[in-house]
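Below is target-v3.cif, which holds mmCIF, C-alpha atoms (C1' of nucleotides).
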```cif
data_data
#
loop_
_atom_site.group_PDB
_atom_site.id
_atom_site.type_symbol
_atom_site.label_atom_id
_atom_site.label_comp_id
_atom_site.auth_asym_id
_atom_site.auth_seq_id
_atom_site.Cartn_x
_atom_site.Cartn_y
_atom_site.Cartn_z
ATOM 1 C CA MET A 1 0.000 0.000 0.000
ATOM 2 C CA SER A 2 3.049 2.208 0.162
ATOM 3 C CA ALA A 3 5.743 2.802 -2.405
ATOM 4 C CA GLY A 4 8.072 0.367 -0.722
ATOM 5 C CA ASN A 5 5.476 -2.357 -0.436
ATOM 6 C CA ILE A 6 5.603 -2.191 3.325
ATOM 7 C CA ALA A 7 2.076 -3.388 3.708
ATOM 8 C CA VAL A 8 1.656 -5.495 0.638
ATOM 9 C CA PRO A 9 2.855 -9.039 1.293
ATOM 10 C CA THR A 10 0.083 -9.511 3.772
ATOM 11 C CA MET A 11 -2.114 -6.643 2.813
ATOM 12 C CA LEU A 12 -4.285 -7.586 5.760
ATOM 13 C CA ASN A 13 -3.229 -7.013 9.362
ATOM 14 C CA THR A 14 0.024 -5.262 8.561
ATOM 15 C CA PRO A 15 0.289 -1.853 10.240
ATOM 16 C CA LEU A 16 0.136 1.137 7.928
ATOM 17 C CA PRO A 17 1.745 4.484 8.751
ATOM 18 C CA ASP A 18 -0.592 6.943 10.460
ATOM 19 C CA PRO A 19 -1.509 8.931 8.551
ATOM 20 C CA VAL A 20 -1.008 7.037 5.300
ATOM 21 C CA PRO A 21 1.047 9.495 3.224
ATOM 22 C CA SER A 22 -0.705 10.364 -0.005
ATOM 23 C CA ALA A 23 2.523 10.221 -2.000
ATOM 24 C CA ASP A 24 3.145 6.650 -0.867
ATOM 25 C CA TYR A 25 -0.409 5.663 -1.570
ATOM 26 C CA ASP A 26 -0.272 7.091 -5.085
ATOM 27 C CA ALA A 27 2.993 5.286 -5.768
ATOM 28 C CA CYS A 28 1.861 1.903 -4.451
ATOM 29 C CA PRO A 29 2.052 -0.687 -7.245
ATOM 30 C CA VAL A 30 -0.982 -2.539 -5.935
ATOM 31 C CA THR A 31 -3.061 0.613 -6.058
ATOM 32 C CA GLU A 32 -1.793 1.277 -9.555
ATOM 33 C CA LEU A 33 -2.735 -2.170 -10.797
ATOM 34 C CA PHE A 34 -6.267 -1.792 -9.506
ATOM 35 C CA ARG A 35 -6.539 1.589 -11.155
ATOM 36 C CA ARG A 36 -5.594 0.030 -14.465
ATOM 37 C CA LEU A 37 -7.987 -2.885 -14.038
ATOM 38 C CA GLY A 38 -10.675 -0.402 -13.123
ATOM 39 C CA ASP A 39 -10.490 1.543 -16.350
ATOM 40 C CA LYS A 40 -13.046 0.942 -19.019
ATOM 41 C CA TRP A 41 -11.555 -1.793 -21.204
ATOM 42 C CA THR A 42 -8.451 -3.374 -19.645
ATOM 43 C CA LEU A 43 -10.142 -6.306 -17.956
ATOM 44 C CA LEU A 44 -12.083 -7.341 -21.040
ATOM 45 C CA VAL A 45 -9.027 -7.099 -23.265
ATOM 46 C CA LEU A 46 -7.048 -9.257 -20.847
ATOM 47 C CA VAL A 47 -9.753 -11.921 -20.783
ATOM 48 C CA LEU A 48 -10.106 -11.984 -24.558
ATOM 49 C CA LEU A 49 -6.368 -12.201 -25.126
ATOM 50 C CA ASP A 50 -6.184 -15.041 -22.655
ATOM 51 C CA GLN A 51 -8.397 -17.109 -24.927
ATOM 52 C CA GLN A 52 -6.528 -16.420 -28.156
ATOM 53 C CA THR A 53 -4.217 -13.951 -29.827
ATOM 54 C CA TYR A 54 -5.859 -11.196 -31.856
ATOM 55 C CA ARG A 55 -4.969 -8.771 -34.572
ATOM 56 C CA PHE A 56 -5.787 -5.140 -33.922
ATOM 57 C CA ASN A 57 -8.928 -4.936 -35.996
ATOM 58 C CA GLU A 58 -10.102 -8.376 -34.914
ATOM 59 C CA LEU A 59 -10.080 -7.133 -31.373
ATOM 60 C CA HIS A 60 -11.716 -3.887 -32.432
ATOM 61 C CA ARG A 61 -14.609 -5.764 -34.010
ATOM 62 C CA ARG A 62 -14.752 -8.189 -31.096
ATOM 63 C CA ILE A 63 -15.501 -5.443 -28.562
ATOM 64 C CA GLU A 64 -18.621 -3.487 -29.285
ATOM 65 C CA GLY A 65 -18.319 0.186 -28.467
ATOM 66 C CA ILE A 66 -14.565 0.506 -28.036
ATOM 67 C CA SER A 67 -12.941 3.304 -29.988
ATOM 68 C CA GLN A 68 -9.725 2.890 -31.956
ATOM 69 C CA ARG A 69 -8.152 5.428 -29.667
ATOM 70 C CA MET A 70 -8.970 3.522 -26.492
ATOM 71 C CA LEU A 71 -8.064 0.125 -27.890
ATOM 72 C CA THR A 72 -4.663 1.474 -28.837
ATOM 73 C CA ARG A 73 -4.175 3.138 -25.479
ATOM 74 C CA THR A 74 -5.294 0.063 -23.549
ATOM 75 C CA LEU A 75 -3.040 -2.274 -25.504
ATOM 76 C CA ARG A 76 -0.046 0.053 -25.242
ATOM 77 C CA THR A 77 -0.421 0.309 -21.485
ATOM 78 C CA LEU A 78 -0.717 -3.451 -21.150
ATOM 79 C CA GLU A 79 2.365 -3.843 -23.314
ATOM 80 C CA HIS A 80 4.221 -1.274 -21.206
ATOM 81 C CA ASP A 81 3.321 -3.248 -18.084
ATOM 82 C CA GLY A 82 4.596 -6.474 -19.616
ATOM 83 C CA LEU A 83 1.216 -8.140 -19.710
ATOM 84 C CA VAL A 84 0.759 -8.136 -23.467
ATOM 85 C CA GLU A 85 3.226 -8.717 -26.284
ATOM 86 C CA ARG A 86 2.890 -6.818 -29.552
ATOM 87 C CA THR A 87 4.252 -8.399 -32.713
ATOM 88 C CA VAL A 88 4.428 -6.461 -35.968
ATOM 89 C CA PHE A 89 4.472 -8.316 -39.272
ATOM 90 C CA PRO A 90 5.920 -5.927 -41.859
ATOM 91 C CA THR A 91 3.527 -6.911 -44.620
ATOM 92 C CA VAL A 92 1.657 -4.483 -46.847
ATOM 93 C CA PRO A 93 -0.627 -3.442 -45.357
ATOM 94 C CA PRO A 94 0.972 -4.122 -41.973
ATOM 95 C CA SER A 95 -0.526 -6.584 -39.530
ATOM 96 C CA VAL A 96 -0.021 -6.596 -35.775
ATOM 97 C CA GLU A 97 -0.696 -9.424 -33.391
ATOM 98 C CA TYR A 98 -1.366 -9.069 -29.693
ATOM 99 C CA ALA A 99 -0.850 -11.915 -27.235
ATOM 100 C CA LEU A 100 -0.754 -12.303 -23.485
ATOM 101 C CA THR A 101 2.695 -12.747 -21.960
ATOM 102 C CA ALA A 102 3.389 -15.377 -19.311
ATOM 103 C CA ARG A 103 3.059 -12.619 -16.754
ATOM 104 C CA GLY A 104 -0.288 -11.630 -18.212
ATOM 105 C CA ARG A 105 -1.581 -15.187 -18.018
ATOM 106 C CA SER A 106 -0.388 -15.515 -14.433
ATOM 107 C CA LEU A 107 -2.312 -12.390 -13.473
ATOM 108 C CA LEU A 108 -5.589 -13.900 -14.625
ATOM 109 C CA LYS A 109 -5.434 -16.541 -11.915
ATOM 110 C CA PRO A 110 -5.826 -14.191 -8.925
ATOM 111 C CA LEU A 111 -8.202 -12.052 -10.950
ATOM 112 C CA SER A 112 -10.507 -14.978 -11.605
ATOM 113 C CA GLU A 113 -10.659 -15.596 -7.866
ATOM 114 C CA VAL A 114 -12.006 -12.109 -7.431
ATOM 115 C CA ALA A 115 -14.524 -12.886 -10.167
ATOM 116 C CA ASP A 116 -15.456 -16.105 -8.384
ATOM 117 C CA TRP A 117 -16.064 -14.095 -5.234
ATOM 118 C CA VAL A 118 -18.557 -11.912 -7.113
ATOM 119 C CA VAL A 119 -20.407 -14.985 -8.353
ATOM 120 C CA GLN A 120 -20.567 -16.487 -4.887
ATOM 121 C CA GLN A 121 -21.997 -13.262 -3.508
ATOM 122 C CA SER A 122 -24.699 -13.029 -6.165
ATOM 123 C CA GLU A 123 -25.600 -16.654 -5.518
ATOM 124 C CA MET A 124 -26.039 -15.853 -1.830
ATOM 125 C CA THR A 125 -28.304 -12.958 -2.759
ATOM 126 C CA ALA A 126 -30.342 -14.970 -5.286
ATOM 127 C CA PRO A 127 -30.618 -18.582 -4.053
ATOM 128 C CA PRO A 128 -31.152 -21.532 -6.447
ATOM 129 C CA GLY A 129 -34.578 -21.697 -7.991
ATOM 130 C CA THR A 130 -34.891 -18.059 -8.991
ATOM 131 C CA MET B 131 -18.315 -10.655 -18.050
ATOM 132 C CA SER B 132 -21.912 -10.310 -19.183
ATOM 133 C CA ALA B 133 -24.936 -9.228 -17.195
ATOM 134 C CA GLY B 134 -25.968 -12.821 -16.634
ATOM 135 C CA ASN B 135 -22.526 -13.899 -15.505
ATOM 136 C CA ILE B 136 -22.224 -16.217 -18.471
ATOM 137 C CA ALA B 137 -18.508 -16.030 -18.480
ATOM 138 C CA VAL B 138 -17.761 -15.397 -14.872
ATOM 139 C CA PRO B 139 -17.512 -18.689 -12.963
ATOM 140 C CA THR B 140 -14.469 -19.612 -14.952
ATOM 141 C CA MET B 141 -13.612 -16.228 -16.315
ATOM 142 C CA LEU B 142 -10.900 -17.948 -18.299
ATOM 143 C CA ASN B 143 -11.648 -20.205 -21.287
ATOM 144 C CA THR B 144 -15.378 -19.615 -21.347
ATOM 145 C CA PRO B 145 -16.590 -18.379 -24.733
ATOM 146 C CA LEU B 146 -17.806 -14.771 -24.851
ATOM 147 C CA PRO B 147 -20.374 -13.542 -27.363
ATOM 148 C CA ASP B 148 -18.850 -12.087 -30.527
ATOM 149 C CA PRO B 149 -18.961 -9.180 -30.419
ATOM 150 C CA VAL B 150 -19.175 -8.637 -26.683
ATOM 151 C CA PRO B 151 -22.218 -6.357 -26.351
ATOM 152 C CA SER B 152 -21.328 -3.104 -24.660
ATOM 153 C CA ALA B 153 -24.535 -3.100 -22.605
ATOM 154 C CA ASP B 154 -23.691 -6.516 -21.145
ATOM 155 C CA TYR B 155 -20.139 -5.477 -20.457
ATOM 156 C CA ASP B 156 -21.252 -2.333 -18.650
ATOM 157 C CA ALA B 157 -23.736 -4.330 -16.569
ATOM 158 C CA CYS B 158 -21.288 -7.094 -15.605
ATOM 159 C CA PRO B 159 -20.909 -7.176 -11.815
ATOM 160 C CA VAL B 160 -17.272 -8.226 -12.048
ATOM 161 C CA THR B 161 -16.486 -5.237 -14.210
ATOM 162 C CA GLU B 162 -18.348 -3.008 -11.798
ATOM 163 C CA LEU B 163 -16.421 -4.264 -8.796
ATOM 164 C CA PHE B 164 -13.110 -3.578 -10.487
ATOM 165 C CA ARG B 165 -14.278 -0.097 -11.392
ATOM 166 C CA ARG B 166 -15.041 0.567 -7.752
ATOM 167 C CA LEU B 167 -11.738 -0.860 -6.574
ATOM 168 C CA GLY B 168 -9.995 1.234 -9.181
ATOM 169 C CA ASP B 169 -11.282 4.547 -7.898
ATOM 170 C CA LYS B 170 -9.036 6.704 -5.809
ATOM 171 C CA TRP B 171 -9.766 5.666 -2.215
ATOM 172 C CA THR B 172 -11.871 2.493 -2.013
ATOM 173 C CA LEU B 173 -9.052 -0.012 -1.681
ATOM 174 C CA LEU B 174 -7.296 1.897 1.084
ATOM 175 C CA VAL B 175 -10.502 2.381 3.045
ATOM 176 C CA LEU B 176 -11.247 -1.342 2.799
ATOM 177 C CA VAL B 177 -7.817 -2.272 4.077
ATOM 178 C CA LEU B 178 -7.950 0.176 6.963
ATOM 179 C CA LEU B 179 -11.417 -0.927 8.014
ATOM 180 C CA ASP B 180 -10.256 -4.523 7.919
ATOM 181 C CA GLN B 181 -7.790 -3.731 10.681
ATOM 182 C CA GLN B 182 -10.183 -1.913 12.973
ATOM 183 C CA THR B 183 -13.405 0.041 12.997
ATOM 184 C CA TYR B 184 -13.129 3.798 12.612
ATOM 185 C CA ARG B 185 -15.205 6.869 13.280
ATOM 186 C CA PHE B 186 -15.596 9.284 10.402
ATOM 187 C CA ASN B 187 -13.038 11.832 11.460
ATOM 188 C CA GLU B 188 -10.607 9.181 12.641
ATOM 189 C CA LEU B 189 -10.588 7.806 9.134
ATOM 190 C CA HIS B 190 -10.350 11.302 7.705
ATOM 191 C CA ARG B 191 -7.233 12.011 9.732
ATOM 192 C CA ARG B 192 -5.851 8.563 8.995
ATOM 193 C CA ILE B 193 -5.786 9.129 5.228
ATOM 194 C CA GLU B 194 -3.677 12.052 4.152
ATOM 195 C CA GLY B 195 -5.143 13.992 1.267
ATOM 196 C CA ILE B 196 -8.668 12.605 1.205
ATOM 197 C CA SER B 197 -11.423 15.203 1.190
ATOM 198 C CA GLN B 198 -14.515 15.004 3.367
ATOM 199 C CA ARG B 199 -16.589 14.778 0.234
ATOM 200 C CA MET B 200 -14.712 11.779 -1.157
ATOM 201 C CA LEU B 201 -14.542 9.974 2.171
ATOM 202 C CA THR B 202 -18.299 10.298 2.487
ATOM 203 C CA ARG B 203 -18.896 9.166 -1.078
ATOM 204 C CA THR B 204 -16.526 6.217 -0.762
ATOM 205 C CA LEU B 205 -18.054 5.024 2.498
ATOM 206 C CA ARG B 206 -21.604 5.429 1.227
ATOM 207 C CA THR B 207 -20.855 3.377 -1.871
ATOM 208 C CA LEU B 208 -19.214 0.664 0.206
ATOM 209 C CA GLU B 209 -22.225 0.654 2.490
ATOM 210 C CA HIS B 210 -24.560 0.446 -0.491
ATOM 211 C CA ASP B 211 -22.618 -2.566 -1.763
ATOM 212 C CA GLY B 212 -22.877 -4.283 1.603
ATOM 213 C CA LEU B 213 -19.160 -4.188 2.285
ATOM 214 C CA VAL B 214 -19.239 -1.662 5.102
ATOM 215 C CA GLU B 215 -21.686 -1.169 7.955
ATOM 216 C CA ARG B 216 -22.460 2.312 9.229
ATOM 217 C CA THR B 217 -23.596 2.700 12.832
ATOM 218 C CA VAL B 218 -24.876 6.018 14.165
ATOM 219 C CA PHE B 219 -24.681 6.747 17.871
ATOM 220 C CA PRO B 220 -27.206 9.512 18.589
ATOM 221 C CA THR B 221 -24.986 11.361 21.023
ATOM 222 C CA VAL B 222 -24.411 15.109 21.006
ATOM 223 C CA PRO B 223 -22.485 15.715 18.895
ATOM 224 C CA PRO B 224 -23.263 12.575 16.914
ATOM 225 C CA SER B 225 -20.681 9.878 16.368
ATOM 226 C CA VAL B 226 -20.683 7.377 13.516
ATOM 227 C CA GLU B 227 -18.741 4.163 13.343
ATOM 228 C CA TYR B 228 -17.744 2.332 10.214
ATOM 229 C CA ALA B 229 -16.912 -1.362 10.170
ATOM 230 C CA LEU B 230 -16.363 -4.014 7.548
ATOM 231 C CA THR B 231 -19.204 -6.492 7.114
ATOM 232 C CA ALA B 232 -18.575 -10.234 6.823
ATOM 233 C CA ARG B 233 -18.903 -9.799 3.089
ATOM 234 C CA GLY B 234 -16.352 -7.025 3.152
ATOM 235 C CA ARG B 235 -13.878 -9.147 5.068
ATOM 236 C CA SER B 236 -14.390 -12.052 2.684
ATOM 237 C CA LEU B 237 -13.570 -9.813 -0.267
ATOM 238 C CA LEU B 238 -10.169 -8.973 1.137
ATOM 239 C CA LYS B 239 -9.019 -12.559 0.744
ATOM 240 C CA PRO B 240 -9.093 -12.685 -3.087
ATOM 241 C CA LEU B 241 -7.894 -9.078 -3.179
ATOM 242 C CA SER B 242 -4.831 -9.883 -1.151
ATOM 243 C CA GLU B 243 -3.980 -12.616 -3.627
ATOM 244 C CA VAL B 244 -3.896 -10.006 -6.343
ATOM 245 C CA ALA B 245 -1.654 -7.935 -4.083
ATOM 246 C CA ASP B 246 0.576 -10.956 -3.552
ATOM 247 C CA TRP B 247 0.847 -11.341 -7.294
ATOM 248 C CA VAL B 248 2.139 -7.765 -7.561
ATOM 249 C CA VAL B 249 4.774 -8.456 -4.920
ATOM 250 C CA GLN B 250 5.923 -11.624 -6.644
ATOM 251 C CA GLN B 251 6.274 -9.757 -9.927
ATOM 252 C CA SER B 252 8.349 -6.975 -8.402
ATOM 253 C CA GLU B 253 10.539 -9.581 -6.727
ATOM 254 C CA MET B 254 11.157 -11.201 -10.102
ATOM 255 C CA THR B 255 12.115 -7.820 -11.542
ATOM 256 C CA ALA B 256 14.391 -6.909 -8.642
ATOM 257 C CA PRO B 257 16.006 -10.122 -7.308
ATOM 258 C CA PRO B 258 17.232 -10.417 -3.693
ATOM 259 C CA GLY B 259 20.344 -8.431 -2.941
ATOM 260 C CA THR B 260 19.257 -5.178 -4.529
ATOM 261 C "C1'" DC C 261 -4.614 -2.381 -41.651
ATOM 262 C "C1'" DT C 262 -2.939 -0.005 -37.804
ATOM 263 C "C1'" DG C 263 -2.590 3.491 -36.071
ATOM 264 C "C1'" DT C 264 -2.137 9.273 -34.598
ATOM 265 C "C1'" DA C 265 -4.082 14.126 -33.862
ATOM 266 C "C1'" DT C 266 -7.513 17.020 -32.375
ATOM 267 C "C1'" DC C 267 -11.487 18.396 -30.233
ATOM 268 C "C1'" DC C 268 -15.280 17.976 -26.985
ATOM 269 C "C1'" DG C 269 -18.409 16.268 -23.581
ATOM 270 C "C1'" DA C 270 -18.835 13.305 -19.380
ATOM 271 C "C1'" DT C 271 -17.165 12.030 -15.153
ATOM 272 C "C1'" DG C 272 -14.081 12.065 -10.990
ATOM 273 C "C1'" DT C 273 -12.018 14.656 -7.453
ATOM 274 C "C1'" DG C 274 -10.669 18.668 -4.511
ATOM 275 C "C1'" DA C 275 -11.591 23.265 -2.098
ATOM 276 C "C1'" DT C 276 -14.413 25.959 0.322
ATOM 277 C "C1'" DA C 277 -18.314 27.312 2.787
ATOM 278 C "C1'" DC C 278 -22.215 26.029 5.351
ATOM 279 C "C1'" DT C 279 -25.479 22.980 8.702
ATOM 280 C "C1'" DG C 280 -27.871 19.967 12.407
ATOM 281 C "C1'" DC D 281 -18.722 15.530 14.921
ATOM 282 C "C1'" DA D 282 -20.390 14.248 10.644
ATOM 283 C "C1'" DG D 283 -21.769 15.514 7.138
ATOM 284 C "C1'" DT D 284 -24.047 18.556 2.543
ATOM 285 C "C1'" DA D 285 -23.891 22.126 -1.294
ATOM 286 C "C1'" DT D 286 -21.602 24.416 -4.657
ATOM 287 C "C1'" DC D 287 -18.093 25.494 -7.669
ATOM 288 C "C1'" DA D 288 -13.749 24.637 -10.194
ATOM 289 C "C1'" DC D 289 -10.464 21.789 -12.337
ATOM 290 C "C1'" DA D 290 -8.287 17.589 -14.120
ATOM 291 C "C1'" DT D 291 -8.635 13.358 -16.296
ATOM 292 C "C1'" DC D 292 -11.090 9.849 -19.125
ATOM 293 C "C1'" DG D 293 -13.124 8.388 -23.118
ATOM 294 C "C1'" DG D 294 -15.730 8.999 -27.732
ATOM 295 C "C1'" DA D 295 -16.036 11.060 -32.494
ATOM 296 C "C1'" DT D 296 -13.982 12.474 -36.355
ATOM 297 C "C1'" DA D 297 -10.463 13.289 -39.529
ATOM 298 C "C1'" DC D 298 -6.064 12.151 -41.247
ATOM 299 C "C1'" DA D 299 -1.490 9.197 -42.224
ATOM 300 C "C1'" DG D 300 2.127 5.512 -43.261
#
```
Give the structure from this file in structure tokens form.
Amino acid sequence: MSAGNIAVPTMLNTPLPDPVPSADYDACPVTELFRRLGDKWTLLVLVLLDQQTYRFNELHRRIEGISQRMLTRTLRTLEHDGLVERTVFPTVPPSVEYALTARGRSLLKPLSEVADWVVQQSEMTAPPGT
Amino acid sequence: MSAGNIAVPTMLNTPLPDPVPSADYDACPVTELFRRLGDKWTLLVLVLLDQQTYRFNELHRRIEGISQRMLTRTLRTLEHDGLVERTVFPTVPPSVEYALTARGRSLLKPLSEVADWVVQQSEMTAPPGT
DNA sequence: CTGTATCCGATGTGATACTG
DNA sequence: CAGTATCACATCGGATACAG
């Protein structure tokens, strides 16, 4: 939760500085990851790329409502974070393939546990038979 | 990933509609949760409340840089989602206590696995001895 | 095909002042 | 003490046009 990961290994029950300095909080890599995952398209792009590699326009058509601008931005950020690999084939016209890296695939495991938690909660709210 | 959770139980390797309808994506509860967690203060408030209950101004002082407005909004949203319980003591002046619900505590388990993933990645980047 | 540049509206967040 | 109301500003994301 702080820049130096003081509180991260066991995010629970580890003492945090009082007050939590805003600079540290902003710089915390865990916070940053959640900010990325919380933007409009990142999560969906990650899930799609986990199922298969895509070319740019394939992905564009695959996701209804995403703009070229945001697809580019989302993919570039994921590439910058080492979660997605971008491969350019210098054909005419050019073609570019996007694939999840090993790191990207490994991230989906903890993420799917969060997703499972959501499902469990909605099942508690709406019991079987509804 | 869709409103009906079609793809959620095993977020990985479950086919998604092609194209993914933007209405379904917007309505997906998993997507929504990540959007909440990705906002500026939610994650920190969850972690702090997991360690102890807080009164409003205690929390306000505890988090450097948060505004009254955003602390109120964040807590109200968490309460609305059933993650935080708000208890008013009708003293003069009034005092209000915030505590994590059982659901809130249960969420922190999958979240801390995501946090652990971040730590593991940074350890791979910067091996021991640095 | 795979982008980039520009503009604009929507939304998120902070500052300040005020209230029961 | 625990908020609410209002305004101001920054950032996010979509639309459109253009380019290699």
Sort by chain and increasing residue number a table of all residues of chain D within 10 Å of chain A, each with its closest pair of atoms and their distance in Å to one decimal, counting all atoms listed in the file, and write it as a tab-separated table.
```
residue	atom	partner	partner_atom	distance
D:DC292	C1'	A:Asp39	CA	8.8
D:DG293	C1'	A:Met70	CA	7.2
D:DG294	C1'	A:Ser67	CA	6.7
D:DA295	C1'	A:Ser67	CA	8.7
D:DG300	C1'	A:Pro93	CA	9.6
```
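Residues matched by the PyMOL selection byres ((chain C) within 10 of (chain B)) in this file are DG272, DT273, DG274, DA275 and DG280 of chain C.
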Counting all atoms listed in the file, which residues in chain B sit no more than 6 Å from chain A? For each one, give the nearest pair of atoms and the distance in Å, sorted by chain then residue number, as JSON lines.
```
{"residue": "B:Pro139", "atom": "CA", "partner": "A:Asp116", "partner_atom": "CA", "distance": 5.6}
{"residue": "B:Met141", "atom": "CA", "partner": "A:Ser112", "partner_atom": "CA", "distance": 5.8}
{"residue": "B:Asn143", "atom": "CA", "partner": "A:Gln51", "partner_atom": "CA", "distance": 5.8}
{"residue": "B:Asp148", "atom": "CA", "partner": "A:Arg62", "partner_atom": "CA", "distance": 5.7}
{"residue": "B:Pro149", "atom": "CA", "partner": "A:Arg62", "partner_atom": "CA", "distance": 4.4}
{"residue": "B:Val150", "atom": "CA", "partner": "A:Ile63", "partner_atom": "CA", "distance": 5.2}
{"residue": "B:Pro151", "atom": "CA", "partner": "A:Glu64", "partner_atom": "CA", "distance": 5.5}
{"residue": "B:Ser152", "atom": "CA", "partner": "A:Glu64", "partner_atom": "CA", "distance": 5.4}
{"residue": "B:Val160", "atom": "CA", "partner": "A:Ala115", "partner_atom": "CA", "distance": 5.7}
{"residue": "B:Phe164", "atom": "CA", "partner": "A:Gly38", "partner_atom": "CA", "distance": 4.8}
{"residue": "B:Arg165", "atom": "CA", "partner": "A:Gly38", "partner_atom": "CA", "distance": 4.0}
{"residue": "B:Gly168", "atom": "CA", "partner": "A:Arg35", "partner_atom": "CA", "distance": 4.0}
{"residue": "B:Gln181", "atom": "CA", "partner": "A:Asn13", "partner_atom": "CA", "distance": 5.8}
{"residue": "B:Arg192", "atom": "CA", "partner": "A:Pro19", "partner_atom": "CA", "distance": 4.4}
{"residue": "B:Ile193", "atom": "CA", "partner": "A:Val20", "partner_atom": "CA", "distance": 5.2}
{"residue": "B:Glu194", "atom": "CA", "partner": "A:Ser22", "partner_atom": "CA", "distance": 5.4}
{"residue": "B:Gly195", "atom": "CA", "partner": "A:Ser22", "partner_atom": "CA", "distance": 5.9}
{"residue": "B:Pro240", "atom": "CA", "partner": "A:Val114", "partner_atom": "CA", "distance": 5.3}
{"residue": "B:Ser242", "atom": "CA", "partner": "A:Met11", "partner_atom": "CA", "distance": 5.8}
{"residue": "B:Glu243", "atom": "CA", "partner": "A:Pro110", "partner_atom": "CA", "distance": 5.8}
{"residue": "B:Val244", "atom": "CA", "partner": "A:Pro110", "partner_atom": "CA", "distance": 5.3}
{"residue": "B:Ala245", "atom": "CA", "partner": "A:Val30", "partner_atom": "CA", "distance": 5.7}
{"residue": "B:Asp246", "atom": "CA", "partner": "A:Pro9", "partner_atom": "CA", "distance": 5.7}
```
Quiz prompt | Result set of the PyMOL selection byres ((chain C and resi 266) around 9) on the coordinates above, as a PyMOL selection string | solution = (chain C and resi 265+267) or (chain D and resi 296-297)
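One finds CA of Asn187 (chain B) at 7.6 Å from C1' of DC281 (chain D).
CA of Thr125 (chain A) lies 16.9 Å from CA of Ala157 (chain B).
For the atom pair formed by CA of Asp81 (chain A) and C1' of DT291 (chain D), the distance is 20.5 Å, given to one decimal.
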Exercise. Using the chain letters and numbers from the file, give me the residues hit by the PyMOL selection byres ((chain C and resi 263) around 8), as a PyMOL selection string.
Key: (chain A and resi 72) or (chain C and resi 262+264)
Write out, as a compact mmCIF listing (two decimals), keeping the file's coordinate frame, the residues just selected, with C-alpha atoms (C1' of nucleotides).
```txt
# COMPACT_ATOMS: atom_id res chain seq x y z
CA THR A 72 -4.66 1.47 -28.84
C1' DT C 262 -2.94 0.00 -37.80
C1' DT C 264 -2.14 9.27 -34.60
```
Which centre and edge lengths in Å to one decimal define the box along x, y and z that fits every listed atom of region 283-298 of chain D plus 5 Å per side, as lines of an AutoDock Vina configuration file?
```
center_x = -15.1
center_y = 16.9
center_z = -17.1
size_x = 28.0
size_y = 27.1
size_z = 58.4
```
Complete the atom set of region 102-111 of chain A to N, CA, C and O atoms and return it as an mmCIF file, in the frame of the given file.
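Listed below is the output, rebuild.cif:
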```cif
data_model
loop_
_atom_site.group_PDB
_atom_site.id
_atom_site.type_symbol
_atom_site.label_atom_id
_atom_site.label_comp_id
_atom_site.auth_asym_id
_atom_site.auth_seq_id
_atom_site.Cartn_x
_atom_site.Cartn_y
_atom_site.Cartn_z
ATOM 1 N N ALA A 102 3.506 -14.449 -20.446
ATOM 2 C CA ALA A 102 3.389 -15.377 -19.311
ATOM 3 C C ALA A 102 2.931 -14.619 -18.071
ATOM 4 O O ALA A 102 2.079 -15.096 -17.311
ATOM 5 N N ARG A 103 3.466 -13.433 -17.894
ATOM 6 C CA ARG A 103 3.059 -12.619 -16.754
ATOM 7 C C ARG A 103 1.573 -12.281 -16.833
ATOM 8 O O ARG A 103 0.856 -12.324 -15.834
ATOM 9 N N GLY A 104 1.126 -11.936 -18.030
ATOM 10 C CA GLY A 104 -0.288 -11.630 -18.212
ATOM 11 C C GLY A 104 -1.172 -12.821 -17.856
ATOM 12 O O GLY A 104 -2.181 -12.676 -17.161
ATOM 13 N N ARG A 105 -0.786 -13.992 -18.334
ATOM 14 C CA ARG A 105 -1.581 -15.187 -18.018
ATOM 15 C C ARG A 105 -1.593 -15.447 -16.521
ATOM 16 O O ARG A 105 -2.618 -15.804 -15.952
ATOM 17 N N SER A 106 -0.439 -15.235 -15.881
ATOM 18 C CA SER A 106 -0.388 -15.515 -14.433
ATOM 19 C C SER A 106 -1.274 -14.546 -13.646
ATOM 20 O O SER A 106 -1.795 -14.894 -12.587
ATOM 21 N N LEU A 107 -1.447 -13.350 -14.168
ATOM 22 C CA LEU A 107 -2.312 -12.390 -13.473
ATOM 23 C C LEU A 107 -3.766 -12.845 -13.464
ATOM 24 O O LEU A 107 -4.506 -12.610 -12.501
ATOM 25 N N LEU A 108 -4.174 -13.518 -14.532
ATOM 26 C CA LEU A 108 -5.589 -13.900 -14.625
ATOM 27 C C LEU A 108 -6.005 -14.886 -13.545
ATOM 28 O O LEU A 108 -7.193 -14.992 -13.240
ATOM 29 N N LYS A 109 -5.058 -15.584 -12.964
ATOM 30 C CA LYS A 109 -5.434 -16.541 -11.915
ATOM 31 C C LYS A 109 -5.985 -15.819 -10.689
ATOM 32 O O LYS A 109 -7.133 -16.062 -10.307
ATOM 33 N N PRO A 110 -5.228 -14.924 -10.053
ATOM 34 C CA PRO A 110 -5.826 -14.191 -8.925
ATOM 35 C C PRO A 110 -7.044 -13.367 -9.326
ATOM 36 O O PRO A 110 -7.985 -13.234 -8.544
ATOM 37 N N LEU A 111 -7.038 -12.841 -10.539
ATOM 38 C CA LEU A 111 -8.202 -12.052 -10.950
ATOM 39 C C LEU A 111 -9.464 -12.904 -11.019
ATOM 40 O O LEU A 111 -10.548 -12.462 -10.640
#
```
